[in-house]
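Q: My structure is in my_file-v1.txt, and what it holds is compact mmCIF, C-alpha atoms:
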```txt
# COMPACT_ATOMS: atom_id res chain seq x y z
CA MET A 1 1.46 -7.14 -21.35
CA GLN A 2 3.52 -4.21 -22.64
CA ASN A 3 0.36 -2.67 -24.11
CA ILE A 4 -1.32 -2.88 -20.70
CA LEU A 5 1.69 -1.28 -18.99
CA SER A 6 1.69 1.52 -21.58
CA GLU A 7 -2.05 2.16 -21.13
CA TYR A 8 -1.62 2.15 -17.35
CA GLN A 9 1.21 4.68 -17.59
CA GLN A 10 -0.94 7.02 -19.71
CA LEU A 11 -3.86 6.80 -17.27
CA ARG A 12 -1.58 7.56 -14.31
CA ASP A 13 -0.06 10.52 -16.21
CA ALA A 14 -3.61 11.77 -16.82
CA GLY A 15 -4.18 11.98 -13.05
CA MET A 16 -5.91 8.67 -12.26
CA THR A 17 -5.17 6.91 -8.97
CA LYS A 18 -3.47 3.52 -9.05
CA LYS A 19 -6.65 1.63 -8.21
CA ALA A 20 -8.77 3.53 -10.72
CA ALA A 21 -6.24 2.97 -13.51
CA TYR A 22 -6.07 -0.77 -12.71
CA ARG A 23 -9.87 -1.07 -12.79
CA ALA A 24 -10.07 0.84 -16.08
CA LEU A 25 -7.88 -1.87 -17.67
CA HIS A 26 -9.94 -4.74 -16.22
CA ALA A 27 -11.12 -5.85 -19.68
CA LEU A 28 -7.50 -6.26 -20.84
CA ILE A 29 -6.30 -7.91 -17.62
CA GLU A 30 -9.17 -10.43 -17.24
CA PRO A 31 -8.11 -12.75 -20.16
CA LEU A 32 -4.57 -13.13 -18.74
CA SER A 33 -3.54 -16.32 -16.99
CA PRO A 34 -3.03 -16.26 -13.20
CA VAL A 35 0.74 -16.37 -13.63
CA ALA A 36 0.64 -13.53 -16.18
CA ARG A 37 -1.53 -11.44 -13.83
CA HIS A 38 0.93 -11.99 -11.02
CA GLU A 39 3.81 -10.88 -13.24
CA LEU A 40 1.77 -7.85 -14.38
CA LYS A 41 1.21 -6.73 -10.79
CA LYS A 42 4.94 -7.04 -10.10
CA GLN A 43 5.64 -4.85 -13.14
CA LEU A 44 3.04 -2.29 -11.98
CA ARG A 45 4.59 -2.11 -8.50
CA ARG A 46 8.01 -1.58 -10.08
CA LEU A 47 6.54 1.15 -12.31
CA GLU A 48 4.97 2.92 -9.33
CA ALA A 49 8.28 2.79 -7.46
CA GLN A 50 10.01 4.45 -10.42
CA ARG A 51 7.33 7.15 -10.60
CA GLU A 52 7.67 7.89 -6.89
CA ALA A 53 11.45 8.11 -7.19
CA GLN A 54 11.10 10.61 -10.04
CA LEU A 55 8.63 12.72 -8.06
CA ASN A 56 10.98 12.83 -5.07
CA LEU A 57 13.74 14.24 -7.26
CA GLN A 58 11.66 17.15 -8.59
CA PRO A 59 11.36 19.55 -5.58
CA ALA A 60 14.42 21.73 -5.05
CA VAL A 61 15.76 22.39 -1.59
CA PRO A 62 15.03 26.07 -0.84
CA GLN A 63 18.11 28.19 -0.32
CA PRO A 64 18.39 30.15 2.96
CA PRO A 65 17.64 33.86 2.53
CA GLN A 66 20.60 36.19 2.13
CA GLN A 67 21.11 38.71 4.88
CA ASN A 68 21.13 41.60 2.41
CA ASP A 69 17.86 40.52 0.75
CA SER A 70 15.55 43.53 0.70
CA ARG A 71 12.54 41.26 1.33
CA TYR A 72 13.81 40.55 4.84
CA SER A 73 14.78 44.10 5.77
CA HIS A 74 12.21 45.92 7.88
CA PRO A 75 12.14 49.55 8.98
CA ALA A 76 12.49 50.33 12.67
CA ILE A 77 9.20 50.23 14.58
CA ARG A 78 8.12 53.69 15.70
CA ARG A 79 7.09 53.98 19.34
CA LEU A 80 3.61 55.47 19.78
CA SER A 81 3.03 58.24 22.32
CA PRO A 82 0.39 57.87 25.09
CA GLU A 83 -1.74 60.54 23.36
CA MET A 84 -1.81 58.56 20.12
CA LEU A 85 -2.77 55.38 21.99
CA GLN A 86 -5.70 57.14 23.69
CA ASN A 87 -7.11 58.62 20.48
CA ASP A 88 -7.88 55.99 17.85
CA ASN A 89 -8.55 58.66 15.23
CA ASP A 90 -4.98 59.95 15.50
CA THR A 91 -3.41 56.47 15.25
CA PRO A 92 -1.74 56.05 11.86
CA ALA A 93 -2.89 53.10 9.79
CA ILE A 94 -0.34 50.31 9.62
CA SER A 95 -0.44 48.41 6.37
CA GLN A 96 -0.36 44.61 6.51
CA PRO A 97 0.37 43.42 2.99
CA ASN A 98 -0.31 39.67 2.60
CA GLU A 99 0.56 39.25 -1.05
CA ASP A 100 3.94 37.73 -0.09
CA LYS A 101 2.58 35.60 2.78
CA ALA A 102 0.79 32.29 3.07
CA PRO A 103 -1.10 30.59 5.92
CA CYS A 104 0.39 27.65 7.81
CA PRO A 105 -1.59 24.44 7.09
CA ASN A 106 -1.30 23.48 10.78
CA CYS A 107 -2.09 26.63 12.81
CA GLY A 108 -3.36 28.99 10.10
CA ARG A 109 -0.99 31.85 11.03
CA MET A 110 0.58 33.89 8.24
CA ASN A 111 4.21 33.28 7.29
CA HIS A 112 6.46 34.57 4.55
CA ILE A 113 5.81 32.62 1.36
CA ASP A 114 9.45 31.44 1.18
CA ALA A 115 9.71 30.42 4.84
CA PRO A 116 10.72 26.75 5.23
CA LEU A 117 8.73 26.30 8.47
CA CYS A 118 6.04 28.10 10.44
CA TYR A 119 7.42 30.79 12.79
CA PHE A 120 4.62 30.11 15.31
CA CYS A 121 4.22 26.30 15.49
CA GLY A 122 7.29 24.91 13.68
CA GLN A 123 5.30 23.05 11.00
CA LEU A 124 7.16 22.41 7.72
CA ILE A 125 5.55 24.48 4.97
CA GLY A 126 6.02 25.20 1.30
CA SER A 127 8.22 23.12 -0.98
CA ILE A 128 10.37 21.83 1.89
CA ALA A 129 7.28 20.16 3.39
CA SER A 130 6.81 18.10 0.23
CA LEU A 131 10.50 17.18 0.28
CA TYR A 132 10.95 16.23 3.95
CA GLY A 133 7.39 15.79 5.24
CA THR A 134 5.89 12.36 5.87
CA ARG A 135 4.15 11.06 2.77
CA SER A 136 0.40 10.41 3.13
CA PHE A 137 -0.69 7.14 1.57
CA ASP A 138 -3.62 7.08 -0.81
CA GLU A 139 -6.62 5.60 1.03
CA ASN A 140 -7.63 3.85 -2.21
CA GLU A 141 -4.22 2.26 -2.66
CA PRO A 142 -4.61 -1.51 -3.03
CA ASP A 143 -3.46 -3.55 -0.04
CA GLU A 144 -1.84 -6.91 -0.78
CA SER A 145 -3.70 -8.44 2.20
CA THR A 146 -7.16 -7.37 0.94
CA PHE A 147 -9.31 -10.33 -0.10
CA CYS A 148 -12.84 -9.15 -0.94
CA ASN A 149 -16.06 -11.02 -1.59
CA ASN A 150 -15.59 -10.74 -5.36
CA MET A 151 -12.08 -12.23 -5.38
CA THR A 152 -10.72 -15.70 -6.10
CA LEU A 153 -7.85 -17.42 -4.29
CA VAL A 154 -5.39 -19.24 -6.55
CA LEU A 155 -2.81 -21.65 -5.13
CA GLN A 156 -0.30 -22.45 -7.88
CA VAL A 157 2.09 -25.35 -7.29
CA ARG A 158 5.54 -24.05 -8.17
CA GLY A 159 7.10 -25.75 -11.18
CA SER A 160 3.83 -27.46 -12.09
CA SER A 161 0.60 -26.70 -13.94
CA PHE A 162 -1.41 -27.88 -10.92
CA MET A 163 -3.44 -25.14 -9.27
CA VAL A 164 -6.44 -24.77 -7.00
CA GLN A 165 -8.98 -21.95 -7.20
CA LYS A 166 -11.47 -20.99 -4.47
CA ARG A 167 -13.94 -18.11 -4.66
CA ALA A 168 -14.56 -16.01 -1.58
CA GLN A 169 -18.30 -16.76 -1.84
CA ASP A 170 -17.52 -20.48 -1.41
CA MET A 171 -15.43 -19.95 1.74
CA SER A 172 -18.15 -19.37 4.32
CA ARG A 173 -16.51 -21.85 6.72
CA GLU A 174 -12.99 -22.92 7.64
CA MET A 175 -11.33 -24.88 4.83
CA ILE A 176 -8.70 -27.60 5.25
CA ILE A 177 -5.63 -27.96 3.02
CA GLY A 178 -4.25 -31.49 2.90
CA ARG A 179 -4.39 -34.71 0.88
CA THR A 180 -6.58 -37.78 0.53
CA ALA A 181 -5.25 -41.23 1.39
CA GLU A 182 -6.33 -44.79 0.50
CA ASN A 183 -6.85 -45.89 4.10
CA THR A 184 -9.18 -43.03 5.10
CA LYS A 185 -12.38 -41.40 3.90
CA LEU A 186 -11.30 -37.93 5.00
CA VAL A 187 -11.35 -35.52 2.06
CA PRO A 188 -9.84 -32.05 2.67
CA ASP A 189 -11.45 -29.00 1.06
CA ILE A 190 -8.24 -28.29 -0.87
CA ASP A 191 -6.83 -31.66 -1.90
CA LEU A 192 -3.19 -31.63 -3.01
CA ALA A 193 -2.97 -35.38 -3.63
CA ASP A 194 -2.68 -34.93 -7.43
CA ALA A 195 0.38 -32.72 -6.86
CA ASP A 196 2.24 -35.72 -5.37
CA ALA A 197 1.56 -34.26 -1.93
CA GLU A 198 2.42 -37.42 0.00
CA ALA A 199 5.94 -37.47 -1.44
CA TYR A 200 6.36 -33.84 -0.34
CA GLY A 201 5.34 -34.56 3.25
CA VAL A 202 1.86 -33.04 3.18
CA SER A 203 -0.37 -34.30 5.99
CA ARG A 204 -3.97 -35.38 5.40
CA LEU A 205 -5.15 -32.47 7.55
CA HIS A 206 -2.25 -30.05 7.24
CA THR A 207 -3.36 -26.38 7.22
CA ALA A 208 -6.57 -24.44 7.97
CA LEU A 209 -7.70 -21.52 5.81
CA SER A 210 -10.39 -19.01 6.89
CA TYR A 211 -11.99 -16.09 5.05
CA VAL A 212 -12.80 -13.18 7.40
CA PRO A 213 -15.28 -10.87 5.57
CA GLU A 214 -15.35 -8.36 8.46
CA ASN A 215 -11.83 -7.13 7.57
CA ASN A 216 -11.49 -8.65 4.07
CA THR A 217 -8.61 -10.99 4.86
CA LEU A 218 -7.62 -14.64 4.52
CA GLN A 219 -6.14 -16.23 7.64
CA ILE A 220 -4.04 -19.38 7.73
CA SER A 221 -2.89 -21.64 10.56
CA ASP A 222 -1.01 -24.91 10.91
CA LEU A 223 -2.94 -27.93 12.24
CA ASN A 224 0.00 -29.39 14.15
CA SER A 225 1.21 -31.08 10.96
CA ALA A 226 4.16 -33.44 10.86
CA ASN A 227 6.29 -31.35 8.50
CA GLY A 228 5.04 -27.86 9.25
CA THR A 229 3.59 -24.89 7.36
CA TYR A 230 5.84 -22.05 6.22
CA LEU A 231 4.79 -18.56 5.10
CA ASN A 232 7.49 -16.65 3.20
CA GLY A 233 10.13 -18.88 4.78
CA GLN A 234 8.89 -18.49 8.36
CA LYS A 235 7.52 -21.56 10.12
CA LEU A 236 4.10 -21.24 11.75
CA HIS A 237 3.63 -22.56 15.24
CA PRO A 238 0.68 -24.96 15.61
CA LYS A 239 -2.59 -22.96 15.72
CA GLU A 240 -0.70 -19.69 15.10
CA VAL A 241 -2.89 -17.46 12.89
CA ARG A 242 -1.28 -15.44 10.09
CA VAL A 243 -2.78 -13.21 7.36
CA LEU A 244 -2.29 -14.48 3.82
CA ARG A 245 -1.35 -11.89 1.16
CA HIS A 246 -1.23 -11.71 -2.60
CA GLY A 247 2.21 -12.80 -3.80
CA ASP A 248 3.04 -14.82 -0.68
CA GLU A 249 5.05 -18.03 -0.80
CA LEU A 250 3.26 -20.83 1.05
CA ARG A 251 5.10 -24.05 1.82
CA ILE A 252 3.12 -27.11 2.91
CA GLY A 253 5.70 -29.64 4.06
CA LYS A 254 8.11 -29.51 1.12
CA LEU A 255 5.47 -28.45 -1.43
CA TYR A 256 5.81 -24.81 -2.56
CA LEU A 257 2.67 -22.85 -3.50
CA ASP A 258 2.41 -19.32 -4.94
CA VAL A 259 -0.54 -17.35 -3.54
CA LEU A 260 -2.54 -15.14 -5.91
CA PHE A 261 -5.64 -12.99 -5.29
CA LEU A 262 -7.59 -12.40 -8.52
CA GLU A 263 -10.57 -10.09 -9.03
```
Would you mind giving the structure from this file in structure tokens?
A:
Amino acid sequence: MQNILSEYQQLRDAGMTKKAAYRALHALIEPLSPVARHELKKQLRRLEAQREAQLNLQPAVPQPPQQNDSRYSHPAIRRLSPEMLQNDNDTPAISQPNEDKAPCPNCGRMNHIDAPLCYFCGQLIGSIASLYGTRSFDENEPDESTFCNNMTLVLQVRGSSFMVQKRAQDMSREMIIGRTAENTKLVPDIDLADADAEAYGVSRLHTALSYVPENNTLQISDLNSANGTYLNGQKLHPKEVRVLRHGDELRIGKLYLDVLFLE
């Protein structure tokens, strides 16, 4: 895993986006176990947080200009006579040097290159904009709630080797999470009976799971179960719909499941 983290760091340093670097290492990531992939993504998120913290420390806060700075001293403006205003040929040319100016990204007006904000519209400009401006997120940045058609859902029972895998292509209808019982022929789509589900208070028809391809999400809801469904420690009301995300903790009764989205 350390080799993958090192390769990822080199790709990011070379200018690749997070998503592109992750895809470039797909051949190394694919053989990993689901648990190892989950741990790798946690390490990558921690690495990205460290990189962002380092970038935020680089820009220096610009110092306010000194009053005696020659760059900010301007000669007095000479008043033009009516005769000079009437005759364009007699009007002296006024130089407008722009080598020490830069346009505002908001209004396009020219400002001094060291100005912290635009004189005309108040927009932060220059290095202070990168320091105090609102950061724009990368549109290609992976979203933990994204579950695409080429992904696989893994439900890993915590503290056990028992897991369930469901591909997005096989989830064209609502799926039921629950357990089988001897006195009924009902068989849920995701059967937790082999994980000692009855002892953990899992109902036969406990939770509903739906894949929504229109917005690439997995939605979950409780089916009015006896012992409830919990998502990251919060209890779901019966029929309440919540979006499932990679890395979530799902509790069915007293049975804890780790949620993983694998490509």
Q: Please compute the atom CA of A:Leu257-atom CA of A:Arg46 distance, one decimal, in Å.
A: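 Atom CA of A:Arg46 lies 22.9 Å from atom CA of A:Leu257.
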Q: Do a neighbour search on A:Leu28 at 12 Å with all atoms listed in the file, toss out local chain neighbours closer than 5 positions, and write the hits as a compact mmCIF listing (two decimals) with C-alpha atoms, in the coordinates of the input.
A:
```txt
# COMPACT_ATOMS: atom_id res chain seq x y z
CA MET A 1 1.46 -7.14 -21.35
CA GLN A 2 3.52 -4.21 -22.64
CA ASN A 3 0.36 -2.67 -24.11
CA ILE A 4 -1.32 -2.88 -20.70
CA LEU A 5 1.69 -1.28 -18.99
CA GLU A 7 -2.05 2.16 -21.13
CA TYR A 8 -1.62 2.15 -17.35
CA ALA A 21 -6.24 2.97 -13.51
CA TYR A 22 -6.07 -0.77 -12.71
CA ARG A 23 -9.87 -1.07 -12.79
CA SER A 33 -3.54 -16.32 -16.99
CA ALA A 36 0.64 -13.53 -16.18
CA ARG A 37 -1.53 -11.44 -13.83
CA LEU A 40 1.77 -7.85 -14.38
```
Q: Env of A:Cys107: 10 Å cut, atoms = all atoms listed in the file, seq-sep filter 3 positions within chain, self excluded. Answer as a list in words.
A: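 The neighbour list is Pro103, Cys104, Met110, Cys118, Phe120, Cys121, Gly122 and Gln123 of chain A.
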Q: Find the spatial neighbours of A:Ser145, counting all atoms listed in the file, within a cut-off of 7 Å - ignore same-chain residues fewer than 3 positions away - and output them as a ChimeraX atom specification.
A: /A:217,244-246
Q: Any idea what the distance is between atom CA of A:Asp222 and atom CA of A:Pro238?
A: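 A separation of 5.0 Å between them.
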Q: Suppose you want the space between atom CA of A:Ser203 and atom CA of A:Gly233; what is it in Å?
A: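 According to the coordinates, atom CA of A:Ser203 and atom CA of A:Gly233 are separated by 18.7 Å.
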Q: So which residues fall inside 12 Å of (-8.4, -5.1, 9.8) if we count all atoms listed in the file? Mind giving them as number ranges by chain?
A: A: 143, 145-147, 212-219, 243
Q: Only C-alpha atoms, please: the residues just picked out, written as a compact mmCIF listing (two decimals), keeping the file's coordinate frame.
A:
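As written to disk, part_1.txt reads:
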```txt
# COMPACT_ATOMS: atom_id res chain seq x y z
CA ASP A 143 -3.46 -3.55 -0.04
CA SER A 145 -3.70 -8.44 2.20
CA THR A 146 -7.16 -7.37 0.94
CA PHE A 147 -9.31 -10.33 -0.10
CA VAL A 212 -12.80 -13.18 7.40
CA PRO A 213 -15.28 -10.87 5.57
CA GLU A 214 -15.35 -8.36 8.46
CA ASN A 215 -11.83 -7.13 7.57
CA ASN A 216 -11.49 -8.65 4.07
CA THR A 217 -8.61 -10.99 4.86
CA LEU A 218 -7.62 -14.64 4.52
CA GLN A 219 -6.14 -16.23 7.64
CA VAL A 243 -2.78 -13.21 7.36
```
Q: Between A:Val241, A:Ile252, A:Lys41, A:Ala27, which has the minimum distance to A:Asp191 (counting all atoms listed in the file)?
A: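 The closest residue to A:Asp191 is A:Ile252.
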Q: Could you tell me which of A:Ile220, A:Leu262, A:Ala193, A:Glu182 comes closest to A:Ala168 if we count all atoms listed in the file?
A: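 Smallest separation from A:Ala168 among the options: A:Leu262.
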Q: When you count all atoms listed in the file, which of these residues is closest to A:Pro188: A:Lys18, A:Met151, A:Leu205, A:Glu174?
A: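 For A:Pro188, the nearest of the given residues is A:Leu205.
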